[in-house]
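Quick look at start_33.tsv (TSV, C-alpha atoms and all ligand atoms):
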chain	number	residue	atom	x	y	z
A	1	MET	CA	0.00	0.00	0.00
A	2	ASN	CA	1.24	3.49	-0.84
A	3	HIS	CA	1.51	5.69	2.22
A	4	PRO	CA	0.97	9.42	1.97
A	5	ALA	CA	4.12	11.53	2.06
A	6	LEU	CA	2.80	13.40	5.10
A	7	GLU	CA	-0.08	12.57	7.38
A	8	PHE	CA	-1.22	14.69	10.32
A	9	THR	CA	-3.64	12.90	12.63
A	10	GLU	CA	-5.41	14.90	15.35
A	11	VAL	CA	-2.39	17.16	15.70
A	12	THR	CA	-2.39	19.89	18.33
A	13	CYS	CA	0.51	22.23	18.96
A	14	SER	CA	0.65	24.54	21.99
A	15	PHE	CA	3.33	26.96	23.07
A	16	VAL	CA	4.22	28.39	26.44
A	17	THR	CA	4.05	32.16	26.04
A	18	PRO	CA	6.55	34.54	27.68
A	19	ASP	CA	3.98	35.33	30.43
A	20	GLY	CA	3.77	31.62	31.31
A	21	ASN	CA	0.37	30.93	29.69
A	22	HIS	CA	-0.33	28.30	27.06
A	23	TYR	CA	-1.24	29.26	23.53
A	24	THR	CA	-2.74	26.60	21.27
A	25	ALA	CA	-1.71	27.50	17.75
A	26	VAL	CA	-3.32	24.54	15.95
A	27	ARG	CA	-5.80	21.99	17.29
A	28	ASP	CA	-6.92	18.56	16.04
A	29	VAL	CA	-5.48	18.98	12.59
A	30	ASN	CA	-6.07	16.15	10.13
A	31	LEU	CA	-4.22	16.66	6.89
A	32	THR	CA	-2.75	14.35	4.27
A	33	ILE	CA	-0.35	15.12	1.47
A	34	GLY	CA	-0.07	12.36	-1.08
A	35	ASP	CA	3.17	11.17	-2.62
A	36	GLY	CA	3.87	13.58	-5.49
A	37	GLU	CA	1.01	15.90	-4.58
A	38	PHE	CA	1.39	19.70	-4.53
A	39	VAL	CA	-0.65	21.10	-1.63
A	40	SER	CA	-0.85	24.71	-0.52
A	41	VAL	CA	-2.04	25.87	2.88
A	42	VAL	CA	-3.61	29.32	3.09
A	43	GLY	CA	-5.04	31.11	6.08
A	44	PRO	CA	-5.06	34.37	7.99
A	45	THR	CA	-1.91	35.71	9.51
A	46	GLY	CA	-0.89	33.89	12.69
A	47	CYS	CA	-3.17	30.89	12.07
A	48	GLY	CA	-0.39	28.35	12.40
A	49	LYS	CA	0.74	27.72	8.82
A	50	SER	CA	4.44	27.86	9.73
A	51	THR	CA	3.73	25.75	12.80
A	52	LEU	CA	2.38	23.01	10.50
A	53	LEU	CA	5.41	23.30	8.27
A	54	ASN	CA	7.82	23.20	11.20
A	55	MET	CA	6.13	20.06	12.50
A	56	SER	CA	6.45	18.51	9.02
A	57	ALA	CA	10.15	19.31	9.09
A	58	GLY	CA	10.50	17.78	12.55
A	59	LEU	CA	11.70	21.13	13.94
A	60	LEU	CA	8.69	21.15	16.28
A	61	SER	CA	6.92	18.20	17.93
A	62	PRO	CA	3.14	18.06	18.23
A	63	SER	CA	1.79	18.46	21.78
A	64	LYS	CA	-0.80	15.85	20.82
A	65	GLY	CA	-1.42	13.63	17.79
A	66	THR	CA	0.99	12.23	15.24
A	67	VAL	CA	2.82	13.29	12.10
A	68	LYS	CA	3.70	10.39	9.82
A	69	VAL	CA	6.15	10.49	6.95
A	70	PHE	CA	5.51	7.79	4.35
A	71	GLY	CA	3.69	5.80	7.02
A	72	GLU	CA	6.28	6.14	9.78
A	73	GLU	CA	5.81	8.35	12.80
A	74	LEU	CA	8.17	11.31	12.68
A	75	THR	CA	10.55	11.62	15.61
A	76	GLY	CA	13.36	14.13	15.22
A	77	LEU	CA	14.23	15.81	11.94
A	78	ASN	CA	12.43	14.78	8.79
A	79	LYS	CA	15.29	13.39	6.73
A	80	ARG	CA	13.12	12.88	3.67
A	81	ALA	CA	12.27	16.58	3.44
A	82	GLY	CA	14.04	19.63	2.06
A	83	TYR	CA	13.01	23.14	3.14
A	84	MET	CA	12.86	26.55	1.62
A	85	PHE	CA	11.90	29.40	3.90
A	86	GLN	CA	10.89	33.01	3.45
A	87	ALA	CA	14.09	34.32	5.01
A	88	GLU	CA	17.35	34.19	3.11
A	89	ALA	CA	19.08	30.96	3.99
A	90	LEU	CA	22.25	31.32	1.93
A	91	MET	CA	25.64	31.45	3.60
A	92	PRO	CA	26.98	34.91	2.70
A	93	TRP	CA	30.61	33.76	2.89
A	94	ARG	CA	30.07	31.04	0.28
A	95	THR	CA	29.77	31.50	-3.47
A	96	ALA	CA	26.63	30.33	-5.29
A	97	ILE	CA	28.22	27.00	-6.16
A	98	ALA	CA	29.58	26.52	-2.65
A	99	ASN	CA	26.12	27.21	-1.24
A	100	VAL	CA	24.50	24.69	-3.57
A	101	SER	CA	27.22	22.12	-2.78
A	102	ALA	CA	26.96	22.46	0.98
A	103	GLY	CA	24.39	19.73	1.72
A	104	LEU	CA	26.14	17.04	-0.34
A	105	GLN	CA	29.53	18.10	1.01
A	106	PHE	CA	28.28	17.79	4.59
A	107	ALA	CA	26.88	14.37	3.66
A	108	GLY	CA	30.42	13.34	2.67
A	109	LYS	CA	29.94	12.89	-1.10
A	110	PRO	CA	33.15	12.87	-3.20
A	111	GLN	CA	34.23	16.38	-4.19
A	112	ASN	CA	34.24	15.92	-7.98
A	113	GLU	CA	30.74	14.43	-7.87
A	114	VAL	CA	29.50	17.32	-5.71
A	115	LYS	CA	30.97	19.91	-8.08
A	116	GLU	CA	29.39	18.28	-11.12
A	117	MET	CA	25.97	18.08	-9.48
A	118	ALA	CA	26.13	21.65	-8.17
A	119	GLU	CA	27.00	22.95	-11.65
A	120	HIS	CA	24.15	20.94	-13.09
A	121	TRP	CA	21.64	22.33	-10.56
A	122	LEU	CA	22.79	25.93	-10.97
A	123	ALA	CA	22.32	25.52	-14.72
A	124	ARG	CA	18.85	24.05	-14.18
A	125	VAL	CA	17.73	27.10	-12.25
A	126	GLY	CA	19.16	29.38	-14.95
A	127	LEU	CA	22.37	30.44	-13.20
A	128	ARG	CA	25.08	29.05	-15.45
A	129	GLY	CA	27.94	31.55	-15.35
A	130	PHE	CA	27.07	32.79	-11.85
A	131	GLU	CA	28.79	29.96	-9.97
A	132	ASP	CA	31.44	32.18	-8.37
A	133	ARG	CA	29.19	35.04	-7.30
A	134	TYR	CA	28.58	35.64	-3.61
A	135	PRO	CA	24.97	36.10	-2.43
A	136	HIS	CA	25.36	39.89	-2.14
A	137	GLU	CA	26.40	39.97	-5.81
A	138	LEU	CA	23.12	38.36	-6.89
A	139	SER	CA	19.60	39.82	-7.22
A	140	GLY	CA	16.84	38.71	-4.82
A	141	GLY	CA	15.40	36.44	-7.53
A	142	MET	CA	18.80	34.90	-8.24
A	143	ARG	CA	19.35	34.23	-4.54
A	144	LYS	CA	16.01	32.41	-4.47
A	145	ARG	CA	17.15	30.33	-7.45
A	146	VAL	CA	20.33	29.39	-5.58
A	147	ALA	CA	18.22	28.45	-2.55
A	148	LEU	CA	15.98	26.34	-4.79
A	149	ALA	CA	19.00	24.54	-6.28
A	150	GLN	CA	20.37	24.08	-2.73
A	151	THR	CA	17.13	22.34	-1.74
A	152	LEU	CA	16.61	20.26	-4.88
A	153	ILE	CA	20.18	18.98	-5.19
A	154	MET	CA	19.47	16.84	-2.12
A	155	ASP	CA	16.64	15.14	-4.05
A	156	PRO	CA	14.18	15.22	-1.13
A	157	ASP	CA	10.96	13.18	-1.39
A	158	ILE	CA	9.08	16.02	0.29
A	159	ILE	CA	9.64	19.73	-0.33
A	160	LEU	CA	8.51	22.14	2.37
A	161	MET	CA	8.18	25.77	1.31
A	162	ASP	CA	7.19	28.60	3.63
A	163	GLU	CA	6.31	31.68	1.56
A	164	PRO	CA	9.53	31.26	-0.39
A	165	PHE	CA	8.83	34.00	-2.92
A	166	SER	CA	6.92	36.56	-0.88
A	167	ALA	CA	9.81	39.04	-0.89
A	168	LEU	CA	10.03	39.10	-4.69
A	169	ASP	CA	8.35	41.48	-7.13
A	170	ILE	CA	5.35	40.00	-8.93
A	171	GLN	CA	7.10	39.29	-12.26
A	172	THR	CA	10.10	37.57	-10.68
A	173	ARG	CA	7.76	35.73	-8.41
A	174	GLN	CA	5.75	34.34	-11.32
A	175	LEU	CA	8.93	33.29	-13.10
A	176	MET	CA	10.04	31.44	-9.98
A	177	GLU	CA	6.63	29.81	-9.57
A	178	ASN	CA	6.75	28.57	-13.17
A	179	GLU	CA	10.23	27.24	-12.59
A	180	VAL	CA	9.14	25.41	-9.47
A	181	LEU	CA	6.28	23.88	-11.45
A	182	ASP	CA	8.62	22.75	-14.26
A	183	LEU	CA	11.04	21.17	-11.83
A	184	TRP	CA	8.22	19.59	-9.84
A	185	ALA	CA	6.65	18.13	-13.01
A	186	GLN	CA	9.91	16.35	-13.83
A	187	LYS	CA	10.21	14.59	-10.48
A	188	LYS	CA	6.76	14.80	-8.92
A	189	LYS	CA	7.80	15.08	-5.28
A	190	ALA	CA	5.31	15.91	-2.55
A	191	VAL	CA	5.18	19.64	-1.85
A	192	LEU	CA	3.72	21.44	1.14
A	193	PHE	CA	3.58	25.11	0.22
A	194	ILE	CA	2.61	27.80	2.70
A	195	THR	CA	1.41	31.12	1.35
A	196	HIS	CA	-0.68	34.18	2.14
A	197	ASP	CA	-1.42	34.61	-1.51
A	198	LEU	CA	-4.53	32.82	-2.74
A	199	ASP	CA	-3.71	33.47	-6.42
A	200	GLU	CA	-0.32	31.84	-5.95
A	201	ALA	CA	-1.85	28.88	-4.11
A	202	ILE	CA	-4.47	28.19	-6.81
A	203	SER	CA	-2.14	28.64	-9.74
A	204	ILE	CA	0.49	26.15	-8.56
A	205	SER	CA	-1.35	23.52	-6.49
A	206	ASP	CA	-3.25	20.28	-6.88
A	207	ARG	CA	-5.14	21.08	-3.71
A	208	VAL	CA	-5.60	24.16	-1.49
A	209	VAL	CA	-6.29	23.78	2.23
A	210	VAL	CA	-7.88	26.71	4.07
A	211	MET	CA	-7.08	27.16	7.78
A	212	SER	CA	-9.35	28.89	10.28
A	213	ALA	CA	-8.19	31.94	12.22
A	214	GLY	CA	-6.24	31.14	15.38
A	215	PRO	CA	-6.07	30.26	18.20
A	216	ALA	CA	-6.72	26.51	17.86
A	217	SER	CA	-6.64	26.80	14.11
A	218	HIS	CA	-7.55	23.83	11.91
A	219	PRO	CA	-8.43	23.17	8.26
A	220	ILE	CA	-11.93	24.36	7.38
A	221	GLY	CA	-11.92	23.68	3.69
A	222	GLU	CA	-10.09	21.73	1.00
A	223	PHE	CA	-10.36	22.50	-2.70
A	224	VAL	CA	-9.11	20.33	-5.55
A	225	ILE	CA	-7.60	22.54	-8.23
A	226	ASP	CA	-8.77	20.82	-11.38
A	227	ILE	CA	-6.95	23.13	-13.80
A	228	ALA	CA	-5.01	21.22	-16.48
A	229	ARG	CA	-1.22	21.02	-16.32
A	230	PRO	CA	1.26	22.12	-17.48
A	231	ARG	CA	0.24	25.57	-16.28
A	232	ASP	CA	1.66	29.01	-16.77
A	233	VAL	CA	0.90	30.75	-13.48
A	234	ALA	CA	0.23	34.11	-15.13
A	235	GLU	CA	-1.99	32.67	-17.86
A	236	VAL	CA	-4.17	30.47	-15.64
A	237	ARG	CA	-5.13	33.46	-13.50
A	238	VAL	CA	-7.39	34.86	-16.18
A	239	THR	CA	-9.24	31.60	-16.97
A	240	PRO	CA	-12.91	31.21	-15.93
A	241	ARG	CA	-12.16	28.09	-13.84
A	242	PHE	CA	-9.48	29.94	-11.88
A	243	ILE	CA	-11.88	32.78	-11.13
A	244	GLU	CA	-14.57	30.30	-10.08
A	245	LEU	CA	-12.17	28.51	-7.72
A	246	HIS	CA	-10.88	31.82	-6.40
A	247	ASN	CA	-14.42	32.95	-5.57
A	248	ALA	CA	-15.26	29.65	-3.86
A	249	ILE	CA	-12.10	29.60	-1.72
A	250	TRP	CA	-12.27	33.30	-0.91
A	251	ALA	CA	-15.85	32.80	0.34
A	252	ASP	CA	-14.40	30.49	3.04
A	253	LEU	CA	-11.21	32.41	3.64
A	254	ARG	CA	-12.60	35.94	3.83
A	255	GLU	CA	-14.36	35.50	7.15
A	256	GLU	CA	-11.29	33.87	8.70
A	257	VAL	CA	-9.05	36.68	7.48
A	258	LEU	CA	-11.40	39.22	9.10
A	259	LYS	CA	-11.40	37.22	12.35
A	260	GLY	CA	-7.61	36.94	12.24
A	261	TYR	CA	-7.32	40.68	11.68
A	262	GLU	CA	-9.67	41.36	14.61
A	263	ASN	CA	-7.65	38.99	16.87
A	264	GLN	CA	-4.42	40.77	15.97
A	265	ARG	CA	-5.99	44.17	16.73
A	266	ASN	CA	-7.20	42.95	20.11
A	267	LYS	CA	-3.73	41.55	20.86
A	268	VAL	CA	-2.19	44.94	20.09
A	269	LYS	CA	-4.78	46.74	22.23
A	270	ALA	CA	-4.35	44.34	25.19
B	1	LIG	N1	7.68	29.48	19.69
B	1	LIG	C1	6.51	30.09	19.90
B	1	LIG	N2	6.15	30.50	21.13
B	1	LIG	C2	4.94	31.08	21.37
B	1	LIG	N3	4.02	31.31	20.41
B	1	LIG	C3	4.33	30.93	19.16
B	1	LIG	C4	5.58	30.31	18.82
B	1	LIG	N4	5.60	30.06	17.49
B	1	LIG	C5	4.41	30.49	17.01
B	1	LIG	N5	3.66	31.02	18.00
B	1	LIG	C6	2.30	31.58	17.87
B	1	LIG	O1	1.50	30.60	17.22
B	1	LIG	C7	0.64	31.22	16.27
B	1	LIG	C8	0.87	30.62	14.91
B	1	LIG	O2	2.14	31.05	14.40
B	1	LIG	P1	2.63	30.70	12.93
B	1	LIG	O3	3.93	31.37	12.72
B	1	LIG	O4	2.57	29.22	12.73
B	1	LIG	O5	1.48	31.39	12.06
B	1	LIG	P2	1.44	31.69	10.50
B	1	LIG	O6	0.07	31.31	10.04
B	1	LIG	O7	2.57	31.04	9.80
B	1	LIG	O8	1.62	33.26	10.51
B	1	LIG	P3	2.00	34.28	9.32
B	1	LIG	O9	0.96	34.05	8.26
B	1	LIG	O10	1.85	35.62	9.96
B	1	LIG	O11	3.38	33.94	8.87
B	1	LIG	C9	0.93	32.72	16.34
B	1	LIG	O12	-0.05	33.33	17.15
B	1	LIG	C10	2.29	32.80	16.97
B	1	LIG	O13	2.42	34.00	17.71
Before we go any further, please render this structure as C-alpha cells.
Amino acid sequence: MNHPALEFTEVTCSFVTPDGNHYTAVRDVNLTIGDGEFVSVVGPTGCGKSTLLNMSAGLLSPSKGTVKVFGEELTGLNKRAGYMFQAEALMPWRTAIANVSAGLQFAGKPQNEVKEMAEHWLARVGLRGFEDRYPHELSGGMRKRVALAQTLIMDPDIILMDEPFSALDIQTRQLMENEVLDLWAQKKKAVLFITHDLDEAISISDRVVVMSAGPASHPIGEFVIDIARPRDVAEVRVTPRFIELHNAIWADLREEVLKGYENQRNKVKA
C-alpha cells in the first residue's frame, strides 16, 4: 500500500508564552499530502501555517497527535524533506556553487561528484555563469534560485516551502513559480507550500487547504484545483475556472481573514 508523504492525525501544537500561559496555535489537525502531490495551505496571519510546516520538518513536535512520513511516525528531523523558507538561507561567505554544494559536502559525497551536481543544478535554475558570485552579488530572484537549487540537489521526497517568494516582485515571483512547477513536473515530489497569496496557491497547487483563524486553528476547507497542467501561473489566473475557484475559496477564507485581523488588533490593544 502506498503511504501518503505526510499525514497529520489529530495534531495539536501549543506553546508556552513569555507570560507563562499556554497558547494553542493549531488543534486537532487532520491533513494528508499524497506522494507527489502539490498542496498549498492558506489562512489568515498567525493561524499556524508555519507551525504546521515546522512540524512537518520535525523542527517542532506536536503536543498531541501524530505526524507520519511515508507511514512512519516522525521523531526528530524529517530526513526525507528539504526546506525553503521566506528568510534568506544562503551562507553569505560562500559563493553560489559553494552554497549549492553544501548539503552534499556535509553528507560526505566525493568532491568531484558534488561539483558536477552543483554545476548541473545551478544551470537548471538558470544560473550558469554565476557559480562564483557571492549572495550579495546576486539579485533577490537569483538568490532564491540558488536556494531552490540548494534544496533540490538533495533530491528530497518532500519539499517544504514557507512563503519562499513573498519578498520578490510580482514578475520575478511568477517566473520562480513557473520554474518550481517545471522542476516539480519532472520529479513529482510531494510539496507542502505555505502562502498568504490565494492566487499563488491556486495557480500552482493540486489542492488548497484553508485554515481557520487562530487560536486553535484547523483546516476548514479543501479545494481540488482541477486546472489542467502544465500551467503558466500568469496565464491560468485569467481563466474562468481559476476565477470560479478563487471565488469559492475566498468565500471560506474571507471570514477567517477578518477574524484573524480582529484577533491581531485585540492583541495589540491588550
Ligand atoms: N515558539 C513560539 N512560542 C509562542 N508562540 C508561538 C511560537 N511560534 C508560534 N507562535 C504563535 O503561534 C501562532 C501561529 O504562528 P505561525 O507562525 O505558525 O502562524 P502563520 O500562520 O505562519 O503566521 P503568518 O501568516 O503571519 O506567517 C501565532 O499566534 C504565533 O504567535
When the cut-off is 7 Å and you count all atoms listed in the file, which residues lie near ligand LIG 1 (chain B), shown as a ChimeraX atom specification? /A:15-17,23,25,43-52,196,214-215
Quick one: of A:Thr32, A:Gln264, A:Gln171, A:Asn2, who's nearest to Ala213 of chain A, counting only C-alpha atoms? A:Gln264
What's around Gly36 of chain A at 6 Å? Count all atoms listed in the file, leave out sequence neighbours fewer than 5 positions away in its own chain, and write the answer as a list in words.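 Close residues of Gly36 of chain A: Lys188, Lys189 and Ala190 of chain A.
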Closest of A:Leu6, A:Ala123, A:Met142, A:Ala228 to Leu168 of chain A - atom-to-atom distances counting only C-alpha atoms: A:Met142
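Within 9 Å of Trp250 of chain A, once all atoms listed in the file are used and residues closer than 5 positions along the same chain are dropped, the contacting residues are Leu198, Leu245 and Glu255 of chain A.
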Report, in Å to a single decimal, how far apart atom CA of Ser56 of chain A and atom CA of Glu72 of chain A are.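 Interatomic distance, atom CA of Glu72 of chain A to atom CA of Ser56 of chain A: 12.4 Å.
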Missing atoms in segment 166-199 of chain A should be modelled up to N, CA and C atoms and reported as a short mmCIF file (atom, residue, chain, number, x, y, z; two decimals), in the frame of the given file.
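selection-v2.cif, written as the output of this step:
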data_model
loop_
_atom_site.label_atom_id
_atom_site.label_comp_id
_atom_site.auth_asym_id
_atom_site.auth_seq_id
_atom_site.Cartn_x
_atom_site.Cartn_y
_atom_site.Cartn_z
N SER A 166 7.73 35.40 -1.26
CA SER A 166 6.92 36.56 -0.88
C SER A 166 7.71 37.87 -0.94
N ALA A 167 9.03 37.80 -0.86
CA ALA A 167 9.81 39.04 -0.89
C ALA A 167 10.09 39.53 -2.31
N LEU A 168 9.67 38.75 -3.31
CA LEU A 168 10.03 39.10 -4.69
C LEU A 168 8.94 39.95 -5.36
N ASP A 169 9.36 40.73 -6.37
CA ASP A 169 8.35 41.48 -7.13
C ASP A 169 7.51 40.49 -7.93
N ILE A 170 6.34 40.93 -8.37
CA ILE A 170 5.35 40.00 -8.93
C ILE A 170 5.87 39.26 -10.17
N GLN A 171 6.62 39.97 -11.04
CA GLN A 171 7.10 39.29 -12.26
C GLN A 171 8.12 38.21 -11.93
N THR A 172 9.08 38.56 -11.06
CA THR A 172 10.10 37.57 -10.68
C THR A 172 9.44 36.40 -9.96
N ARG A 173 8.46 36.75 -9.17
CA ARG A 173 7.76 35.73 -8.41
C ARG A 173 7.07 34.73 -9.35
N GLN A 174 6.43 35.25 -10.39
CA GLN A 174 5.75 34.34 -11.32
C GLN A 174 6.74 33.50 -12.11
N LEU A 175 7.90 34.08 -12.43
CA LEU A 175 8.93 33.29 -13.10
C LEU A 175 9.38 32.14 -12.21
N MET A 176 9.58 32.46 -10.93
CA MET A 176 10.04 31.44 -9.98
C MET A 176 8.97 30.36 -9.80
N GLU A 177 7.72 30.79 -9.74
CA GLU A 177 6.63 29.81 -9.57
C GLU A 177 6.58 28.86 -10.77
N ASN A 178 6.74 29.44 -11.98
CA ASN A 178 6.75 28.57 -13.17
C ASN A 178 7.93 27.61 -13.14
N GLU A 179 9.06 28.11 -12.65
CA GLU A 179 10.23 27.24 -12.59
C GLU A 179 10.03 26.10 -11.60
N VAL A 180 9.43 26.45 -10.47
CA VAL A 180 9.14 25.41 -9.47
C VAL A 180 8.21 24.36 -10.08
N LEU A 181 7.22 24.82 -10.83
CA LEU A 181 6.28 23.88 -11.45
C LEU A 181 6.98 22.98 -12.47
N ASP A 182 7.88 23.56 -13.27
CA ASP A 182 8.62 22.75 -14.26
C ASP A 182 9.44 21.69 -13.57
N LEU A 183 10.16 22.12 -12.53
CA LEU A 183 11.04 21.17 -11.83
C LEU A 183 10.21 20.10 -11.13
N TRP A 184 9.10 20.53 -10.55
CA TRP A 184 8.22 19.59 -9.84
C TRP A 184 7.66 18.56 -10.83
N ALA A 185 7.26 19.04 -12.03
CA ALA A 185 6.65 18.13 -13.01
C ALA A 185 7.63 17.04 -13.44
N GLN A 186 8.92 17.35 -13.41
CA GLN A 186 9.91 16.35 -13.83
C GLN A 186 10.07 15.25 -12.81
N LYS A 187 9.91 15.58 -11.52
CA LYS A 187 10.21 14.59 -10.48
C LYS A 187 9.01 14.22 -9.63
N LYS A 188 7.99 15.06 -9.66
CA LYS A 188 6.76 14.80 -8.92
C LYS A 188 7.00 14.41 -7.46
N LYS A 189 7.65 15.29 -6.72
CA LYS A 189 7.80 15.08 -5.28
C LYS A 189 6.61 15.71 -4.57
N ALA A 190 6.39 15.30 -3.33
CA ALA A 190 5.31 15.91 -2.55
C ALA A 190 5.75 17.32 -2.14
N VAL A 191 4.84 18.28 -2.26
CA VAL A 191 5.18 19.64 -1.85
C VAL A 191 4.12 20.16 -0.88
N LEU A 192 4.59 20.70 0.23
CA LEU A 192 3.72 21.44 1.14
C LEU A 192 4.15 22.89 1.05
N PHE A 193 3.26 23.72 0.55
CA PHE A 193 3.58 25.11 0.22
C PHE A 193 2.71 26.02 1.07
N ILE A 194 3.34 26.87 1.83
CA ILE A 194 2.61 27.80 2.70
C ILE A 194 2.62 29.17 2.03
N THR A 195 1.46 29.78 1.96
CA THR A 195 1.41 31.12 1.35
C THR A 195 0.25 31.94 1.90
N HIS A 196 0.42 33.25 1.83
CA HIS A 196 -0.68 34.18 2.14
C HIS A 196 -1.51 34.45 0.90
N ASP A 197 -0.93 34.11 -0.25
CA ASP A 197 -1.42 34.61 -1.51
C ASP A 197 -2.30 33.55 -2.19
N LEU A 198 -3.59 33.80 -2.19
CA LEU A 198 -4.53 32.82 -2.74
C LEU A 198 -4.30 32.58 -4.23
N ASP A 199 -3.98 33.64 -4.99
CA ASP A 199 -3.71 33.47 -6.42
C ASP A 199 -2.55 32.51 -6.64
#
